[in-house]
>>> print(open('protein06.cif').read())   # mmCIF, C-alpha atoms
data_entry
#
loop_
_atom_site.label_atom_id
_atom_site.label_comp_id
_atom_site.auth_asym_id
_atom_site.auth_seq_id
_atom_site.Cartn_x
_atom_site.Cartn_y
_atom_site.Cartn_z
CA MET A 1 0.00 0.00 0.00
CA SER A 2 1.50 3.35 -1.07
CA LEU A 3 1.87 6.26 1.32
CA PRO A 4 0.74 9.83 0.58
CA LYS A 5 3.26 12.42 -0.59
CA GLU A 6 2.30 14.97 2.05
CA ALA A 7 0.58 15.22 5.42
CA HIS A 8 -1.24 18.18 6.95
CA ILE A 9 -0.54 18.40 10.67
CA GLN A 10 -2.62 20.77 12.78
CA GLU A 11 -0.81 21.94 15.90
CA CYS A 12 -3.23 21.57 18.81
CA CYS A 13 -0.93 22.15 21.80
CA PRO A 14 -2.40 25.59 22.62
CA ARG A 15 -5.82 23.98 23.11
CA ASP A 16 -5.51 20.26 23.75
CA GLY A 17 -2.01 20.49 25.17
CA TRP A 18 -2.40 23.36 27.60
CA GLN A 19 -5.98 22.79 28.77
CA ASN A 20 -4.99 20.45 31.61
CA HIS A 21 -1.80 22.23 32.67
CA ALA A 22 -2.16 22.94 36.39
CA GLU A 23 -0.10 26.14 36.42
CA PHE A 24 -1.81 29.01 34.60
CA ILE A 25 0.22 30.00 31.56
CA PRO A 26 0.36 33.81 31.26
CA THR A 27 -1.36 35.19 28.18
CA ASP A 28 1.82 36.74 26.78
CA VAL A 29 3.64 33.42 27.15
CA LYS A 30 0.86 31.62 25.28
CA ILE A 31 1.03 34.14 22.48
CA LYS A 32 4.82 33.87 22.29
CA TYR A 33 4.81 30.11 21.88
CA ILE A 34 1.90 30.08 19.46
CA ARG A 35 3.92 32.45 17.26
CA ARG A 36 6.89 30.11 17.53
CA MET A 37 4.72 27.12 16.58
CA ILE A 38 3.67 29.02 13.47
CA ASP A 39 7.32 29.84 12.75
CA CYS A 40 8.08 26.10 12.97
CA GLY A 41 5.79 25.55 10.00
CA ALA A 42 2.26 25.14 11.36
CA LYS A 43 -0.27 26.07 8.68
CA GLU A 44 -3.23 24.92 10.78
CA LEU A 45 -3.39 25.60 14.51
CA GLU A 46 -6.04 24.99 17.16
CA VAL A 47 -5.47 28.12 19.15
CA THR A 48 -7.84 27.87 22.12
CA SER A 49 -11.15 26.62 23.50
CA PHE A 50 -14.20 28.76 24.25
CA VAL A 51 -15.45 27.04 27.37
CA ASN A 52 -16.56 28.00 30.85
CA PRO A 53 -13.38 29.22 32.64
CA LYS A 54 -14.71 27.83 35.90
CA VAL A 55 -14.51 24.38 34.36
CA MET A 56 -11.26 24.98 32.48
CA PRO A 57 -9.37 27.93 34.03
CA GLN A 58 -6.48 27.65 31.56
CA MET A 59 -8.81 28.90 28.80
CA ALA A 60 -10.01 32.00 30.67
CA ASP A 61 -8.05 34.25 28.28
CA ALA A 62 -9.32 32.54 25.12
CA ALA A 63 -10.62 35.71 23.46
CA ALA A 64 -7.46 37.68 24.22
CA VAL A 65 -5.17 34.96 22.88
CA PHE A 66 -7.27 34.47 19.76
CA GLU A 67 -7.42 38.18 18.93
CA ALA A 68 -3.71 38.70 19.59
CA ILE A 69 -2.55 35.89 17.33
CA LYS A 70 -4.92 36.48 14.39
CA PRO A 71 -2.81 39.10 12.58
CA TYR A 72 0.39 37.06 12.82
CA ALA A 73 -1.36 33.89 11.69
CA ALA A 74 -2.84 35.71 8.70
CA GLU A 75 0.56 37.12 7.79
CA LYS A 76 2.14 33.66 7.88
CA GLY A 77 -0.73 31.88 6.10
CA CYS A 78 -1.78 29.84 9.14
CA THR A 79 -5.44 28.93 9.57
CA LEU A 80 -6.70 29.16 13.13
CA SER A 81 -9.44 27.05 14.67
CA THR A 82 -11.08 26.93 18.07
CA LEU A 83 -13.18 24.44 20.00
CA ALA A 84 -16.63 25.19 21.38
CA LEU A 85 -19.22 22.96 23.01
CA ASN A 86 -22.21 25.26 23.30
CA LYS A 87 -23.95 28.27 21.78
CA ARG A 88 -21.98 30.78 23.81
CA GLY A 89 -18.66 29.40 22.58
CA ALA A 90 -19.86 29.02 19.01
CA ASP A 91 -19.38 32.71 18.26
CA ASP A 92 -15.91 31.74 16.99
CA ALA A 93 -16.18 28.03 16.21
CA VAL A 94 -18.57 25.12 16.31
CA ALA A 95 -17.50 21.64 17.33
CA ALA A 96 -19.60 19.23 19.35
CA GLY A 97 -20.46 15.60 19.88
CA SER A 98 -18.82 12.40 21.05
CA HIS A 99 -18.90 8.70 20.18
CA SER A 100 -18.98 7.43 23.77
CA GLU A 101 -22.22 8.07 25.64
CA GLU A 102 -20.49 8.13 29.05
CA HIS A 103 -17.69 10.43 27.86
CA ASN A 104 -20.22 12.74 26.24
CA LEU A 105 -22.18 13.01 29.50
CA ARG A 106 -19.06 13.88 31.49
CA ASN A 107 -17.64 16.23 28.85
CA SER A 108 -20.75 18.24 27.98
CA ARG A 109 -23.42 17.01 30.43
CA ARG A 110 -25.53 15.84 27.49
CA THR A 111 -26.38 12.56 25.84
CA ILE A 112 -25.14 11.98 22.30
CA GLN A 113 -28.65 12.62 20.99
CA GLU A 114 -28.81 15.93 22.85
CA SER A 115 -25.35 16.97 21.68
CA MET A 116 -26.20 16.17 18.08
CA ALA A 117 -29.42 18.17 18.27
CA GLN A 118 -27.54 21.19 19.60
CA PHE A 119 -24.75 20.75 17.07
CA LYS A 120 -27.23 20.71 14.19
CA GLU A 121 -28.86 23.86 15.51
CA LEU A 122 -25.52 25.66 15.83
CA ALA A 123 -24.23 24.45 12.47
CA SER A 124 -27.36 25.56 10.64
CA GLN A 125 -26.94 29.08 12.07
CA GLN A 126 -23.41 29.58 10.77
CA THR A 127 -22.96 31.82 7.75
CA GLY A 128 -20.02 33.22 5.84
CA ASP A 129 -16.54 31.76 5.67
CA VAL A 130 -16.84 29.26 8.54
CA ARG A 131 -15.71 25.68 8.06
CA ILE A 132 -17.31 23.42 10.62
CA GLN A 133 -15.67 20.17 11.66
CA LEU A 134 -17.61 17.77 13.83
CA ALA A 135 -15.26 16.43 16.49
CA LEU A 136 -15.97 12.87 17.58
CA PRO A 137 -14.10 11.90 20.76
CA CYS A 138 -13.75 8.26 21.79
CA VAL A 139 -14.43 6.88 18.30
CA PHE A 140 -11.72 4.26 18.80
CA GLY A 141 -12.73 3.21 22.32
CA SER A 142 -14.13 4.49 25.59
CA PRO A 143 -12.26 4.65 28.92
CA PHE A 144 -15.50 3.86 30.72
CA GLY A 145 -16.13 0.48 29.11
CA ASP A 146 -19.30 1.44 27.24
CA GLU A 147 -19.68 -0.15 23.82
CA ILE A 148 -18.71 1.92 20.77
CA PRO A 149 -20.61 0.37 17.83
CA LEU A 150 -19.36 1.35 14.40
CA GLU A 151 -22.95 1.62 13.22
CA ARG A 152 -23.31 4.73 15.39
CA LEU A 153 -21.04 6.50 12.94
CA ASP A 154 -23.58 5.97 10.16
CA TRP A 155 -26.21 7.92 12.05
CA ILE A 156 -23.81 10.67 13.15
CA VAL A 157 -22.52 11.21 9.60
CA GLU A 158 -26.04 11.28 8.18
CA GLU A 159 -27.14 13.85 10.74
CA ALA A 160 -24.05 16.01 10.17
CA HIS A 161 -24.43 15.86 6.39
CA SER A 162 -28.03 17.07 6.76
CA VAL A 163 -26.73 20.48 7.88
CA GLY A 164 -23.85 20.63 5.40
CA VAL A 165 -21.00 19.37 7.57
CA GLU A 166 -18.40 17.43 5.59
CA TYR A 167 -15.32 17.32 7.83
CA PHE A 168 -14.92 14.98 10.79
CA GLY A 169 -12.30 14.77 13.52
CA LEU A 170 -11.90 11.20 14.77
CA ALA A 171 -10.28 10.99 18.19
CA ASP A 172 -8.73 8.19 20.18
CA THR A 173 -9.32 10.34 23.25
CA SER A 174 -8.14 7.70 25.72
CA GLY A 175 -5.23 6.50 23.59
CA ILE A 176 -6.34 2.88 23.89
CA SER A 177 -6.76 1.86 20.26
CA THR A 178 -4.51 -0.69 18.55
CA PRO A 179 -3.34 -0.39 14.92
CA THR A 180 -5.69 -3.17 13.82
CA HIS A 181 -8.69 -1.55 15.49
CA THR A 182 -7.71 1.88 14.20
CA ARG A 183 -7.63 0.48 10.67
CA GLU A 184 -11.09 -1.07 11.12
CA VAL A 185 -12.65 2.19 12.34
CA LEU A 186 -10.95 4.29 9.68
CA ARG A 187 -12.02 1.99 6.86
CA HIS A 188 -15.61 2.20 8.05
CA MET A 189 -15.49 6.00 8.24
CA ILE A 190 -13.66 6.34 4.91
CA GLY A 191 -16.45 4.33 3.35
CA LEU A 192 -18.90 6.94 4.62
CA VAL A 193 -17.12 10.23 3.92
CA GLY A 194 -13.79 9.57 2.16
CA ALA A 195 -10.27 9.91 3.58
CA ASP A 196 -9.96 13.58 2.56
CA HIS A 197 -12.73 14.52 5.00
CA ILE A 198 -11.13 12.93 8.07
CA CYS A 199 -8.67 14.32 10.59
CA ALA A 200 -7.08 11.80 12.98
CA HIS A 201 -6.62 12.93 16.59
CA LEU A 202 -4.59 10.23 18.31
CA HIS A 203 -3.57 10.22 21.95
CA ASP A 204 -0.66 8.14 23.19
CA THR A 205 -1.78 6.75 26.54
CA HIS A 206 -0.75 3.17 25.72
CA GLY A 207 2.22 4.15 23.56
CA MET A 208 0.56 3.28 20.25
CA GLY A 209 -0.27 6.75 18.97
CA ILE A 210 2.48 6.95 16.35
CA ALA A 211 1.72 3.38 15.19
CA ASN A 212 -1.92 4.34 14.79
CA ALA A 213 -0.86 7.41 12.80
CA PHE A 214 1.13 5.18 10.45
CA VAL A 215 -1.97 3.03 9.89
CA ALA A 216 -3.97 6.17 9.12
CA LEU A 217 -1.39 7.19 6.53
CA GLU A 218 -1.58 3.73 4.96
CA GLU A 219 -5.35 4.14 4.71
CA GLY A 220 -4.98 7.46 2.89
CA VAL A 221 -5.71 9.85 5.76
CA THR A 222 -3.50 12.94 5.41
CA HIS A 223 -4.89 15.29 8.08
CA PHE A 224 -3.73 14.90 11.68
CA ASP A 225 -3.79 16.71 14.99
CA ALA A 226 -0.61 16.66 17.05
CA SER A 227 0.62 18.45 20.15
CA LEU A 228 4.05 19.96 20.68
CA ALA A 229 5.98 17.98 23.34
CA ALA A 230 3.02 15.55 23.48
CA MET A 231 1.32 17.84 25.97
CA GLY A 232 -2.31 17.32 26.85
CA GLY A 233 -4.92 14.83 27.90
CA CYS A 234 -8.67 14.94 28.31
CA PRO A 235 -9.92 16.01 31.77
CA PHE A 236 -12.94 13.71 31.32
CA ALA A 237 -11.00 10.60 30.27
CA PRO A 238 -9.16 9.15 33.29
CA GLY A 239 -5.46 8.49 32.69
CA ALA A 240 -5.41 9.88 29.15
CA LYS A 241 -2.03 11.16 28.02
CA GLY A 242 -1.49 13.87 25.45
CA ASN A 243 -1.77 13.73 21.70
CA ILE A 244 1.12 12.31 19.72
CA ALA A 245 4.03 14.74 19.73
CA THR A 246 4.14 17.02 16.71
CA GLU A 247 7.88 16.57 16.46
CA ASP A 248 7.57 12.76 16.50
CA LEU A 249 4.90 12.72 13.79
CA VAL A 250 6.89 15.15 11.65
CA ASN A 251 10.02 13.04 12.09
CA MET A 252 8.25 9.84 11.02
CA CYS A 253 6.62 11.46 8.01
CA GLU A 254 9.69 13.25 6.74
CA LYS A 255 11.91 10.18 7.06
CA MET A 256 9.37 8.24 4.97
CA GLY A 257 9.34 10.90 2.28
CA ILE A 258 6.04 12.49 3.34
CA HIS A 259 6.30 16.27 3.23
CA THR A 260 4.91 18.20 6.24
CA GLY A 261 6.30 21.71 5.84
CA TYR A 262 7.64 21.73 9.40
CA ASN A 263 11.19 22.47 10.54
CA LEU A 264 12.01 19.55 12.85
CA GLU A 265 15.00 21.21 14.53
CA MET A 266 12.95 24.29 15.35
CA LEU A 267 10.12 22.10 16.66
CA THR A 268 12.31 20.16 19.05
CA GLN A 269 13.97 23.30 20.39
CA THR A 270 10.63 25.03 20.84
CA ALA A 271 9.28 22.01 22.69
CA ARG A 272 12.19 22.10 25.13
CA ASP A 273 12.02 25.87 25.65
CA MET A 274 8.26 25.79 26.20
CA CYS A 275 8.33 22.95 28.71
CA GLU A 276 11.14 24.57 30.66
CA GLU A 277 9.36 27.94 30.84
CA ILE A 278 5.90 26.68 31.80
CA HIS A 279 7.20 23.83 33.99
CA ALA A 280 5.75 21.03 31.88
CA HIS A 281 6.91 17.48 31.25
CA LEU A 282 8.76 17.09 27.96
CA GLY A 283 6.85 14.28 26.27
CA GLY A 284 7.49 12.58 22.97
CA SER A 285 10.83 11.27 21.80
CA MET A 286 12.45 13.60 19.29
CA ALA A 287 12.89 16.62 21.57
CA LEU A 288 14.76 14.39 24.04
CA ALA A 289 16.74 12.59 21.36
CA CYS A 290 17.84 15.73 19.52
CA HIS A 291 18.68 17.91 22.49
CA GLY A 292 19.18 15.43 25.33
#
>>> encode(input="protein06.cif", output="C-alpha cells")
Amino acid sequence: MSLPKEAHIQECCPRDGWQNHAEFIPTDVKIKYIRRMIDCGAKELEVTSFVNPKVMPQMADAAAVFEAIKPYAAEKGCTLSTLALNKRGADDAVAAGSHSEEHNLRNSRRTIQESMAQFKELASQQTGDVRIQLALPCVFGSPFGDEIPLERLDWIVEEAHSVGVEYFGLADTSGISTPTHTREVLRHMIGLVGADHICAHLHDTHGMGIANAFVALEEGVTHFDASLAAMGGCPFAPGAKGNIATEDLVNMCEKMGIHTGYNLEMLTQTARDMCEEIHAHLGGSMALACHG
C-alpha cells in the first residue's frame, strides 16, 4: 500500500495540550509560543477553546489569545481554529459531539442525541466563511467500558451531512486503540465520507499513537492533529495522556518521504524551551533525542 506524498498536521498544543496544565500560563507566554509554533511551520493551529473558565481555568483568556494571534497567523498563512461545546462558545467556532455516551455526558453534560441536536442547531446558524468540523471523541474506544458500535457513525454522519457538515475529527481520546482496530474504524469511516474529509486525533496513553498514525497514513488519511511535546490529555478521560508529539509525527513522516512543511529542529527546540518555561513534562521522543 503506497503512502501519501504529504501530510497536513494541525498543531493543537495551545488547546488540547495546555488545557490540563495545572499552572496558569500567562497570556503573553501563550502568544509567544503560538507564534513560535507558526514559525516552525504550522499552517493549521487549534489556538484555544471557548469554554466555561470555571470548568477549564487555563482557557479563561481565550478571546485575548485568539485576537492577539490572528494578525500574525494571517501574515504567515496559518489557519486558526477553536473548539466550542455550546452556543456561547460558538461565536468563533462550532464543534460538538462524542462517540462514547459516558464520555459525552461527562464532557458536555448531554447525551449523544442531545449533543447532536444542539450541534445541528448551531451548524445551521453559521454563515459566511466558517468551516465546521464535527469532532468525535472516543471513536476508537471508551475509557468507561461502554460499547462503541461502528454503526453509530452511520447515524452521526447522516445527521451532520443534513446540515452541510463534511469534515470529521476522529479521536482516540483515551489513547487505547490498537493499529488493527484503528484500521477497522478508519475503513468504516472512509467508506462513509472519504479519507480527505477525516482528521485523525490520536492520543498516546498506551504508547501506540504513532503506530496508529502510520496506519492512518496507509489508509490514505492525510490530516492529523498533534501536540508539541506531546502535551495534553482529556480532563474527562481518566489516565489519558497527550496527543502524539508534533515533532515525533513530523520526524516519522519526513523520514518516509512524506512532506509536512515543518522544521524539525525548530520544533524540538521550541518544545524544550516551552516545557522549561511553563514547567511542563517534555513528552514525545524527538525533543529528548535531539537535544538530550
>>> residues_around(input="protein06.cif", residues="range 185-191 of chain A", least_positions_apart="4", cutoff="12 Å", atoms="all atoms listed in the file", output="PyMOL selection string")
chain A and resi 99+136+138-141+148-158+167-172+177-181+195-201+212-213+215-221
>>> residues_around(input="protein06.cif", residues="range 16-26 of chain A", least_positions_apart="5", cutoff="8 Å", atoms="all atoms listed in the file", output="CSV table (one decimal) with C-alpha atoms, in the coordinates of the input")
chain,number,residue,atom,x,y,z
A,56,MET,CA,-11.3,25.0,32.5
A,57,PRO,CA,-9.4,27.9,34.0
A,58,GLN,CA,-6.5,27.6,31.6
A,59,MET,CA,-8.8,28.9,28.8
A,227,SER,CA,0.6,18.4,20.2
A,228,LEU,CA,4.0,20.0,20.7
A,230,ALA,CA,3.0,15.6,23.5
A,231,MET,CA,1.3,17.8,26.0
A,232,GLY,CA,-2.3,17.3,26.8
A,233,GLY,CA,-4.9,14.8,27.9
A,234,CYS,CA,-8.7,14.9,28.3
A,235,PRO,CA,-9.9,16.0,31.8
A,242,GLY,CA,-1.5,13.9,25.4
A,243,ASN,CA,-1.8,13.7,21.7
A,278,ILE,CA,5.9,26.7,31.8
A,280,ALA,CA,5.8,21.0,31.9
>>> closest_residue(input="protein06.cif", among="A:Gly41, A:Gly194, A:Pro53, A:Gly164", to="Glu11 in chain A", atoms="only C-alpha atoms")
A:Gly41
>>> closest_residue(input="protein06.cif", among="A:Glu159, A:Asp28, A:Asp204, A:Asp225", to="Ala64 in chain A", atoms="all atoms listed in the file")
A:Asp28
>>> closest_residue(input="protein06.cif", among="A:Leu288, A:Ala271, A:Ile210, A:Cys40", to="Cys253 in chain A", atoms="only C-alpha atoms")
A:Ile210
>>> closest_residue(input="protein06.cif", among="A:Glu184, A:Ala245, A:Leu83, A:Gly175", to="Leu134 in chain A", atoms="all atoms listed in the file")
A:Leu83
>>> residues_near_point(input="protein06.cif", point="(-3.5, 30.2, 10.9)", cutoff="7 Å", atoms="only C-alpha atoms", output="PDB file with C-alpha atoms, in the frame of the given file")
ATOM      1  CA  LYS A  43      -0.270  26.070   8.680  1.00  0.00           C
ATOM      2  CA  GLU A  44      -3.230  24.920  10.780  1.00  0.00           C
ATOM      3  CA  LEU A  45      -3.390  25.600  14.510  1.00  0.00           C
ATOM      4  CA  ALA A  73      -1.360  33.890  11.690  1.00  0.00           C
ATOM      5  CA  ALA A  74      -2.840  35.710   8.700  1.00  0.00           C
ATOM      6  CA  GLY A  77      -0.730  31.880   6.100  1.00  0.00           C
ATOM      7  CA  CYS A  78      -1.780  29.840   9.140  1.00  0.00           C
ATOM      8  CA  THR A  79      -5.440  28.930   9.570  1.00  0.00           C
ATOM      9  CA  LEU A  80      -6.700  29.160  13.130  1.00  0.00           C
TER      10      LEU A  80
END
>>> axis_aligned_box(input="protein06.cif", around="range 259-269 of chain A", padding_each_side="4 Å", output="AutoDock Vina command-line options")
--center_x 10.0 --center_y 20.3 --center_z 11.8 --size_x 18.1 --size_y 16.0 --size_z 25.2
>>> atom_distance(input="protein06.cif", atom1="CA of Ile112 in chain A", atom2="CA of Ala160 in chain A")
12.8 Å
>>> residues_around(input="protein06.cif", residues="Gln269 in chain A", least_positions_apart="3", cutoff="9 Å", atoms="only C-alpha atoms", output="list in words")
Leu264, Glu265, Met266, Arg272, Asp273, Met274, Ala287, Cys290 and His291 of chain A
>>> atom_distance(input="protein06.cif", atom1="CA of Ala135 in chain A", atom2="CA of Leu267 in chain A")
26.0 Å
>>> atom_distance(input="protein06.cif", atom1="CA of Arg183 in chain A", atom2="CA of Ser49 in chain A")
29.3 Å
>>> residues_around(input="protein06.cif", residues="Ile31 in chain A", least_positions_apart="6", cutoff="8 Å", atoms="all atoms listed in the file", output="ChimeraX atom specification")
/A:65,68-69
>>> write_last_selection(input="protein06.cif", atoms="C-alpha atoms", output="PDB file, in the frame of the given file")
ATOM      1  CA  VAL A  65      -5.170  34.960  22.880  1.00  0.00           C
ATOM      2  CA  ALA A  68      -3.710  38.700  19.590  1.00  0.00           C
ATOM      3  CA  ILE A  69      -2.550  35.890  17.330  1.00  0.00           C
TER       4      ILE A  69
END
>>> residues_near_point(input="protein06.cif", point="(3.5, 14.4, -2.3)", cutoff="9 Å", atoms="all atoms listed in the file", output="list in words")
Pro4, Lys5, Glu6, Ala7, Gly257, Ile258 and His259 of chain A
>>> decode(input="protein06.cif", residues="range 49-82 of chain A", atoms="C-alpha atoms", output="compact mmCIF listing (two decimals), in the first residue's frame")
# COMPACT_ATOMS: atom_id res chain seq x y z
CA SER A 49 -11.15 26.62 23.50
CA PHE A 50 -14.20 28.76 24.25
CA VAL A 51 -15.45 27.04 27.37
CA ASN A 52 -16.56 28.00 30.85
CA PRO A 53 -13.38 29.22 32.64
CA LYS A 54 -14.71 27.83 35.90
CA VAL A 55 -14.51 24.38 34.36
CA MET A 56 -11.26 24.98 32.48
CA PRO A 57 -9.37 27.93 34.03
CA GLN A 58 -6.48 27.65 31.56
CA MET A 59 -8.81 28.90 28.80
CA ALA A 60 -10.01 32.00 30.67
CA ASP A 61 -8.05 34.25 28.28
CA ALA A 62 -9.32 32.54 25.12
CA ALA A 63 -10.62 35.71 23.46
CA ALA A 64 -7.46 37.68 24.22
CA VAL A 65 -5.17 34.96 22.88
CA PHE A 66 -7.27 34.47 19.76
CA GLU A 67 -7.42 38.18 18.93
CA ALA A 68 -3.71 38.70 19.59
CA ILE A 69 -2.55 35.89 17.33
CA LYS A 70 -4.92 36.48 14.39
CA PRO A 71 -2.81 39.10 12.58
CA TYR A 72 0.39 37.06 12.82
CA ALA A 73 -1.36 33.89 11.69
CA ALA A 74 -2.84 35.71 8.70
CA GLU A 75 0.56 37.12 7.79
CA LYS A 76 2.14 33.66 7.88
CA GLY A 77 -0.73 31.88 6.10
CA CYS A 78 -1.78 29.84 9.14
CA THR A 79 -5.44 28.93 9.57
CA LEU A 80 -6.70 29.16 13.13
CA SER A 81 -9.44 27.05 14.67
CA THR A 82 -11.08 26.93 18.07
